[in-house]
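The structure appears below as structure tokens.
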Amino acid sequence: MTGNQWGYGKEDGPSAWHRSYPVAKGSRQSPIDIIPEQAFHDNSLGPIIANYDHCTSINISNNGHSVVVEFVDSDNRSVIQGGPLDNPYRLKQFHFHWGGKGCDGSEHTVAGYSYASELHLVHWNAVKYKTFAEAATAPDGLAVLGIFLKTGDDHRWLHTITDALYMVKYKGSVTDFRGFNPKCLLPSSLHYWTYLGSLTTPPLHESVVWIVLKQPIVVSDKQMGKFRTLLFTGEEEEERIRMENNFRPPQPLQGRKVRSSN
Ligand SMILES: NS(=O)(=O)c1ccc(NCc2ccco2)c([N+](=O)[O-])c1
Ligand SMILES: [Zn+2]
């Protein structure tokens with residue numbers, strides 16, 4: 001794996017990332033296998049409050065690793081707060097990780113169980129840090145809300161995203177994506193597990209307060225299939241490699257405590 005070229009293949013995948021990103025073997029890496037019975041029920045953990053009503057989505061893009069929806073993050077219009085967080089964290093973007101056809105592809109697992117996919121809503125601590133990039137290297141810089149996806153009925157609102165995926169098939173493609181409110185992707189219960197971890201892709205910074213919701217959202221196989229029409233490769237590249245299995249497997253807990261909201 002040379003330079004910043006990392007991926008999810010045999011040569012450049014998660015087992016090779018430590019060569020360019022030694023923190024891959026750090027003490028607070030993500031994802032992890034969450035074992036509910038071993039999580040500590042912390043009654044001081046309040047509810048998570050997601051204020052996305054006035055959020056402003058900007059675009060949807062294929063960055064060669066996932067599909068990403070970016071938001072205006074120049075003010076506190078869309079923030080997450082409460083739970084383990086000391087102050088509001090600003091929504092920056094959301095993206096997904098998924099498996100191959102008929103295979104699971106979540107990053108966190110629950111007592112060894114993988115879900116079909118995992119949605120990450122990424123927020124940064126704009127009270128303490130001036131930019132996302134600065135926050136992304138600070139131990140309390142980011143808060144990522146992880147939501148599991150399981151297959152079943154069609155998800156009423158996910159269509160807005162899956163219907164746009166054909167426009168960002170190739171790595172490096174981006175298109176306008178306005179007026180999307182991610183509130184419609186939240187499950188009905190906001191009960192969660194929380195622990196201190198890292199980005200799950202390079203640069204793997206150990207800067208994330210993870211908040212993983214217990215209740216998955218339900219999407220159809222057909223909708224999941226549309227994610228797999230995306231490519232890891234760019235339009236100008238000869239090779240066409242289907243974007244799938246873009247997940248990092250669970251990492252050692254290294255003595256960390258996972259807390260559970262009640
Ligand atoms: N799977 S994740 O939510 O942990 C994740 C991983 C990498 C990056 N970004 C990579 C990066 C480069 C410099 C700082 O950040 C992001 N993100 O940016 O929201 C999220
Ligand atoms: Zn992610």
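Please note that chains go A, B, ... in the order of the structure tokens, that every chain numbers its residues from 1, and that ligands are numbered from 1 in the order shown.
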Env. residues ligand 2 / 7 Å / only C-alpha atoms and all ligand atoms / as an MDAnalysis selection string: chainID A and resid 95:97 119:120 200
For ligand 1, collect every residue having any atom at a distance of at most 8 Å from a ligand atom (counting only C-alpha atoms and all ligand atoms); output as a short mmCIF file (atom, residue, chain, number, x, y, z; two decimals) with N, CA and C atoms, in the first residue's frame.
```
data_model
loop_
_atom_site.label_atom_id
_atom_site.label_comp_id
_atom_site.auth_asym_id
_atom_site.auth_seq_id
_atom_site.Cartn_x
_atom_site.Cartn_y
_atom_site.Cartn_z
N SER A 30 -11.55 1.80 16.34
CA SER A 30 -12.94 1.42 16.05
C SER A 30 -13.00 0.73 14.68
N LYS A 92 -21.57 17.27 10.12
CA LYS A 92 -20.67 17.57 8.99
C LYS A 92 -21.06 16.76 7.76
N GLN A 93 -21.28 15.45 7.96
CA GLN A 93 -21.61 14.59 6.82
C GLN A 93 -22.17 13.27 7.33
N PHE A 94 -22.81 12.52 6.44
CA PHE A 94 -23.10 11.12 6.78
C PHE A 94 -22.73 10.25 5.58
N HIS A 95 -22.47 8.99 5.87
CA HIS A 95 -22.06 8.02 4.84
C HIS A 95 -22.39 6.62 5.35
N PHE A 96 -22.18 5.62 4.51
CA PHE A 96 -22.57 4.25 4.86
C PHE A 96 -21.39 3.29 4.68
N HIS A 97 -21.50 2.11 5.30
CA HIS A 97 -20.60 0.97 5.07
C HIS A 97 -21.51 -0.24 4.84
N HIS A 120 -23.21 6.21 9.33
CA HIS A 120 -22.46 7.07 10.26
C HIS A 120 -22.80 8.53 10.02
N LEU A 121 -23.37 9.16 11.06
CA LEU A 121 -23.61 10.61 11.02
C LEU A 121 -22.49 11.25 11.82
N VAL A 122 -21.64 12.02 11.13
CA VAL A 122 -20.40 12.53 11.72
C VAL A 122 -20.56 13.99 12.15
N HIS A 123 -20.23 14.25 13.42
CA HIS A 123 -20.39 15.59 13.99
C HIS A 123 -19.06 16.02 14.60
N PHE A 132 -13.24 21.32 11.31
CA PHE A 132 -13.44 19.86 11.38
C PHE A 132 -12.09 19.16 11.43
N ALA A 133 -11.16 19.63 10.56
CA ALA A 133 -9.85 18.97 10.46
C ALA A 133 -9.13 19.02 11.81
N ALA A 136 -10.86 16.69 14.20
CA ALA A 136 -10.68 15.28 13.83
C ALA A 136 -9.41 14.68 14.42
N THR A 137 -8.50 15.55 14.95
CA THR A 137 -7.28 15.02 15.56
C THR A 137 -7.31 15.17 17.08
N VAL A 144 -19.66 10.45 16.45
CA VAL A 144 -20.29 9.77 15.32
C VAL A 144 -21.46 8.93 15.83
N SER A 198 -12.27 5.61 17.45
CA SER A 198 -11.52 6.28 16.39
C SER A 198 -12.33 6.36 15.09
N LEU A 199 -11.75 7.06 14.11
CA LEU A 199 -12.26 6.96 12.75
C LEU A 199 -12.06 5.49 12.33
N THR A 200 -12.97 4.95 11.52
CA THR A 200 -12.83 3.54 11.13
C THR A 200 -12.14 3.38 9.78
N THR A 201 -11.70 4.52 9.21
CA THR A 201 -10.88 4.46 8.00
C THR A 201 -9.67 5.35 8.23
N PRO A 202 -8.59 5.14 7.46
CA PRO A 202 -7.48 6.09 7.55
C PRO A 202 -7.99 7.54 7.45
N PRO A 203 -7.42 8.46 8.21
CA PRO A 203 -6.22 8.34 9.06
C PRO A 203 -6.45 7.73 10.44
N LEU A 204 -7.65 7.16 10.71
CA LEU A 204 -7.87 6.36 11.94
C LEU A 204 -7.61 7.16 13.22
N HIS A 205 -7.76 8.49 13.14
CA HIS A 205 -7.53 9.34 14.32
C HIS A 205 -8.37 8.87 15.51
N VAL A 208 -12.92 10.05 18.30
CA VAL A 208 -14.38 9.87 18.19
C VAL A 208 -15.03 9.39 19.48
#
```
Name the residues in contact with A:Asp75 at a cut-off of 9 Å, using only C-alpha atoms, excluding same-chain residues fewer than 3 positions from it; report them as a list of chain:residue names. A:Val72, A:Ser78, A:Arg90, A:Ala126
Fewer than 2 positions away in the same chain doesn't count, so skip those; otherwise give me all residues within 8 Å of stretch 63-71 of chain A, counting only C-alpha atoms, as an NGL selection string. :A and (7 or 55-61 or 73 or 91-97 or 168 or 170-173 or 177 or 231-234 or 243 or 246)
Could you tell me how far atom CA of A:Tyr192 sits from atom CA of A:Lys214, in Å to one decimal place?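 The value is 5.2 Å.
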If I take atom CA of A:Asp176 and atom CA of A:Ile161, how far is one from the other in Å, to one decimal?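 These atoms are spaced 11.8 Å apart.
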Residue nearest A:Tyr89 - candidates A:Val212, A:Ile241, A:Leu145, A:Ile34, atoms counted: only C-alpha atoms: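 That would be A:Leu145, the residue with the smallest distance to A:Tyr89.
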Atomic separation - atom CA of A:Lys222 relative to atom CA of A:Glu239, Å: 25.0 Å
